[in-house]
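Asks: Handing over upload21.cif, mmCIF, C-alpha atoms.
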```cif
data_protein
#
loop_
_atom_site.group_PDB
_atom_site.id
_atom_site.type_symbol
_atom_site.label_atom_id
_atom_site.label_comp_id
_atom_site.auth_asym_id
_atom_site.auth_seq_id
_atom_site.Cartn_x
_atom_site.Cartn_y
_atom_site.Cartn_z
ATOM 1 C CA VAL A 1 -45.268 96.036 -109.196
ATOM 2 C CA GLN A 2 -46.874 98.418 -111.647
ATOM 3 C CA LEU A 3 -49.837 100.761 -111.578
ATOM 4 C CA VAL A 4 -50.432 102.434 -114.911
ATOM 5 C CA GLU A 5 -53.010 105.215 -115.121
ATOM 6 C CA SER A 6 -54.655 106.327 -118.337
ATOM 7 C CA GLY A 7 -57.592 108.391 -119.499
ATOM 8 C CA GLY A 8 -56.562 111.857 -118.399
ATOM 9 C CA GLY A 9 -56.727 114.882 -120.651
ATOM 10 C CA LEU A 10 -58.344 118.222 -121.317
ATOM 11 C CA VAL A 11 -62.102 118.550 -120.862
ATOM 12 C CA GLN A 12 -64.534 121.452 -120.701
ATOM 13 C CA PRO A 13 -66.396 122.276 -117.489
ATOM 14 C CA GLY A 14 -69.419 120.029 -117.175
ATOM 15 C CA GLY A 15 -67.755 117.308 -119.188
ATOM 16 C CA SER A 16 -66.803 113.750 -118.265
ATOM 17 C CA LEU A 17 -63.701 111.589 -118.181
ATOM 18 C CA THR A 18 -62.998 108.035 -117.107
ATOM 19 C CA LEU A 19 -59.626 107.209 -115.603
ATOM 20 C CA SER A 20 -58.282 103.663 -115.604
ATOM 21 C CA CYS A 21 -55.510 102.112 -113.557
ATOM 22 C CA ALA A 22 -54.098 98.772 -114.697
ATOM 23 C CA ALA A 23 -52.282 96.847 -111.967
ATOM 24 C CA SER A 24 -49.726 94.081 -112.161
ATOM 25 C CA GLY A 25 -47.174 92.373 -109.979
ATOM 26 C CA PHE A 26 -49.312 91.907 -106.877
ATOM 27 C CA THR A 27 -52.578 90.269 -105.813
ATOM 28 C CA PHE A 28 -54.894 93.060 -106.919
ATOM 29 C CA SER A 29 -58.085 91.564 -105.510
ATOM 30 C CA ILE A 30 -56.992 91.809 -101.865
ATOM 31 C CA TYR A 31 -55.880 95.443 -101.980
ATOM 32 C CA THR A 32 -57.935 98.543 -101.264
ATOM 33 C CA MET A 33 -57.702 100.706 -104.349
ATOM 34 C CA SER A 34 -57.877 104.480 -104.284
ATOM 35 C CA TRP A 35 -57.573 107.561 -106.432
ATOM 36 C CA TYR A 36 -55.733 110.600 -105.114
ATOM 37 C CA ARG A 37 -55.096 113.948 -106.745
ATOM 38 C CA GLN A 38 -52.529 116.668 -106.322
ATOM 39 C CA ILE A 39 -52.268 120.284 -107.376
ATOM 40 C CA PRO A 40 -48.772 121.830 -107.500
ATOM 41 C CA GLY A 41 -47.882 123.284 -104.122
ATOM 42 C CA LYS A 42 -50.592 121.365 -102.291
ATOM 43 C CA GLU A 43 -50.730 118.043 -100.492
ATOM 44 C CA ARG A 44 -52.001 114.964 -102.252
ATOM 45 C CA GLU A 45 -55.640 114.397 -101.317
ATOM 46 C CA LEU A 46 -57.774 111.278 -101.284
ATOM 47 C CA VAL A 47 -60.556 111.424 -103.859
ATOM 48 C CA ALA A 48 -62.166 107.972 -103.670
ATOM 49 C CA SER A 49 -61.508 104.460 -102.383
ATOM 50 C CA ILE A 50 -62.948 101.000 -102.903
ATOM 51 C CA THR A 51 -62.271 98.091 -100.581
ATOM 52 C CA SER A 52 -61.299 94.587 -101.556
ATOM 53 C CA ALA A 53 -63.690 92.728 -99.283
ATOM 54 C CA ASP A 54 -67.146 93.996 -100.117
ATOM 55 C CA GLY A 55 -66.478 96.793 -102.565
ATOM 56 C CA SER A 56 -67.450 99.506 -100.108
ATOM 57 C CA THR A 57 -66.672 102.964 -101.401
ATOM 58 C CA TYR A 58 -65.584 106.279 -99.943
ATOM 59 C CA TYR A 59 -65.694 109.675 -101.617
ATOM 60 C CA ALA A 60 -64.327 113.054 -100.672
ATOM 61 C CA ASN A 61 -67.131 115.551 -100.110
ATOM 62 C CA SER A 62 -65.893 117.629 -103.031
ATOM 63 C CA VAL A 63 -66.595 114.832 -105.536
ATOM 64 C CA LYS A 64 -69.537 113.027 -103.944
ATOM 65 C CA GLY A 65 -72.371 112.614 -106.426
ATOM 66 C CA ARG A 66 -70.119 113.391 -109.408
ATOM 67 C CA PHE A 67 -67.382 110.712 -109.316
ATOM 68 C CA THR A 68 -67.768 106.936 -109.197
ATOM 69 C CA ILE A 69 -64.998 104.480 -108.344
ATOM 70 C CA SER A 70 -65.239 100.857 -109.452
ATOM 71 C CA ARG A 71 -62.975 97.857 -109.848
ATOM 72 C CA ASP A 72 -62.751 94.787 -112.059
ATOM 73 C CA ASN A 73 -60.743 92.135 -110.238
ATOM 74 C CA ALA A 74 -60.718 89.903 -113.317
ATOM 75 C CA LYS A 75 -58.931 92.654 -115.250
ATOM 76 C CA ASN A 76 -56.832 93.951 -112.322
ATOM 77 C CA THR A 77 -58.161 97.412 -113.072
ATOM 78 C CA VAL A 78 -59.720 100.226 -111.077
ATOM 79 C CA TYR A 79 -61.701 103.034 -112.680
ATOM 80 C CA LEU A 80 -62.757 106.545 -111.782
ATOM 81 C CA GLN A 81 -65.763 107.859 -113.690
ATOM 82 C CA MET A 82 -65.799 111.647 -113.388
ATOM 83 C CA ASN A 83 -68.915 113.584 -114.380
ATOM 84 C CA ASN A 84 -69.842 117.257 -114.239
ATOM 85 C CA LEU A 85 -66.199 118.192 -114.008
ATOM 86 C CA LYS A 86 -65.258 121.561 -112.554
ATOM 87 C CA SER A 87 -62.145 123.685 -112.888
ATOM 88 C CA GLN A 88 -61.352 122.797 -109.272
ATOM 89 C CA ASP A 89 -60.934 119.162 -110.357
ATOM 90 C CA THR A 90 -57.835 120.076 -112.365
ATOM 91 C CA ALA A 91 -54.947 118.060 -110.916
ATOM 92 C CA VAL A 92 -52.663 115.109 -111.431
ATOM 93 C CA TYR A 93 -54.603 111.985 -110.492
ATOM 94 C CA TYR A 94 -52.765 109.051 -108.920
ATOM 95 C CA CYS A 95 -53.802 105.461 -108.468
ATOM 96 C CA ASN A 96 -52.950 103.825 -105.125
ATOM 97 C CA ALA A 97 -53.012 100.233 -103.897
ATOM 98 C CA ALA A 98 -52.960 99.664 -100.143
ATOM 99 C CA LEU A 99 -52.768 96.632 -97.889
ATOM 100 C CA GLY A 100 -51.853 97.433 -94.307
ATOM 101 C CA ILE A 101 -48.668 99.478 -94.360
ATOM 102 C CA ARG A 102 -47.896 98.437 -97.923
ATOM 103 C CA HIS A 103 -48.658 101.128 -100.524
ATOM 104 C CA TYR A 104 -48.041 101.244 -104.255
ATOM 105 C CA TRP A 105 -48.438 104.314 -106.478
ATOM 106 C CA GLY A 106 -48.865 104.954 -110.149
ATOM 107 C CA GLN A 107 -47.070 107.689 -112.061
ATOM 108 C CA GLY A 108 -50.124 109.912 -112.337
ATOM 109 C CA THR A 109 -52.267 111.256 -115.153
ATOM 110 C CA GLN A 110 -53.089 114.922 -115.741
ATOM 111 C CA VAL A 111 -56.699 116.052 -115.769
ATOM 112 C CA THR A 112 -57.317 119.620 -116.895
ATOM 113 C CA VAL A 113 -60.793 121.139 -116.792
ATOM 114 C CA SER A 114 -60.888 124.341 -118.789
ATOM 115 C CA SER A 115 -62.919 126.101 -121.430
#
```
Would you put the structure from the file into structure tokens?

Replies:
Amino acid sequence: VQLVESGGGLVQPGGSLTLSCAASGFTFSIYTMSWYRQIPGKERELVASITSADGSTYYANSVKGRFTISRDNAKNTVYLQMNNLKSQDTAVYYCNAALGIRHYWGQGTQVTVSS
């Protein structure tokens, strides 16, 4: 099983980034896919999720209206489009695949929002 994130980097406040997470080794289409983020010294927090069944989405209040999660089951990839980025969005972003009690994690990608 592999989840490989990409697309992180340094961006100015107000800018945009798109994160990608390429999955392999499991049946991607039946898993709920999520993005989490973590700041050093703090707990990992859920940013956004997208279900397998009907593509329903969930967003943390802090990112609602700015971030969009999507998935391409043909490419086994989940995306996180991040717009109007703020300094508070600076964190390591992790991709997660969940099915019941089964969870898989990526290695994380750093997003830094700074002028």

Asks: I need the output of the PyMOL selection byres ((chain A and resi 110) around 10) for this file as number ranges by chain; which residues are they?

Replies: A: 5-10, 37-39, 90-94, 108-109, 111-113

Asks: Can you list what the PyMOL selection byres ((chain A and resi 106) around 12) grabs from this structure, as a VMD selection string?

Replies: chain A and resid 1 to 6 20 to 24 33 to 37 78 92 to 97 103 to 105 107 to 109

Asks: Using CA of Leu17 (chain A) and CA of Ser62 (chain A) as the two end points, give the distance in Å to one decimal.

Replies: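 Here the two named atoms are 16.5 Å from each other.
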
Asks: Under the PyMOL selection byres ((chain A and resi 55) around 10), which residues of this model are included? Write them out as a short mmCIF file (atom, residue, chain, number, x, y, z; two decimals) with C-alpha atoms, keeping the file's coordinate frame.

Replies:
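expr_24.cif, freshly written:
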```cif
data_model
loop_
_atom_site.label_atom_id
_atom_site.label_comp_id
_atom_site.auth_asym_id
_atom_site.auth_seq_id
_atom_site.Cartn_x
_atom_site.Cartn_y
_atom_site.Cartn_z
CA THR A 32 -57.94 98.54 -101.26
CA MET A 33 -57.70 100.71 -104.35
CA SER A 49 -61.51 104.46 -102.38
CA ILE A 50 -62.95 101.00 -102.90
CA THR A 51 -62.27 98.09 -100.58
CA SER A 52 -61.30 94.59 -101.56
CA ALA A 53 -63.69 92.73 -99.28
CA ASP A 54 -67.15 94.00 -100.12
CA SER A 56 -67.45 99.51 -100.11
CA THR A 57 -66.67 102.96 -101.40
CA TYR A 58 -65.58 106.28 -99.94
CA ILE A 69 -65.00 104.48 -108.34
CA SER A 70 -65.24 100.86 -109.45
CA ARG A 71 -62.98 97.86 -109.85
#
```

Asks: Between A:Ile101, A:Gly14, A:Phe28, A:Tyr59, single out the one closest to Asn76 (chain A), counting all atoms listed in the file.

Replies: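 Closest candidate: A:Phe28.
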
Asks: Work out how far apart CA of Ser114 (chain A) and CA of Gln81 (chain A) are and give it in Å to one decimal.

Replies: 17.9 Å

Asks: Interatomic distance between CA of Tyr31 (chain A) and CA of Asn61 (chain A)?

Replies: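 These atoms are spaced 23.1 Å apart.
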
Asks: Calculated over only C-alpha atoms, which of the candidates A:Gln88, A:Asn83, A:Thr77, A:Thr27 has the smallest distance to Gly65 (chain A)?

Replies: A:Asn83

Asks: For each of A:Leu19, A:Val63, A:Val47, A:Ile30, take the minimum atom-to-atom distance to Asn84 (chain A), counting only C-alpha atoms, then give the residue where this is smallest.

Replies: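 For Asn84 (chain A), the nearest of the given residues is A:Val63.
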
Asks: Pick the closest to Leu46 (chain A) from A:Ala60, A:Met82, A:Ala98, A:Val11: which is it, counting only C-alpha atoms?

Replies: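 Closest residue, counting only C-alpha atoms: A:Ala60.
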
Asks: Extending 6 Å beyond the listed atoms of region 9-20 of chain A on each side, what axis-aligned box results? I want centre and edge lengths in Å to one decimal, as AutoDock Vina command-line options.

Replies:
```
--center_x -63.1 --center_y 113.0 --center_z -118.5 --size_x 24.7 --size_y 30.6 --size_z 17.7
```
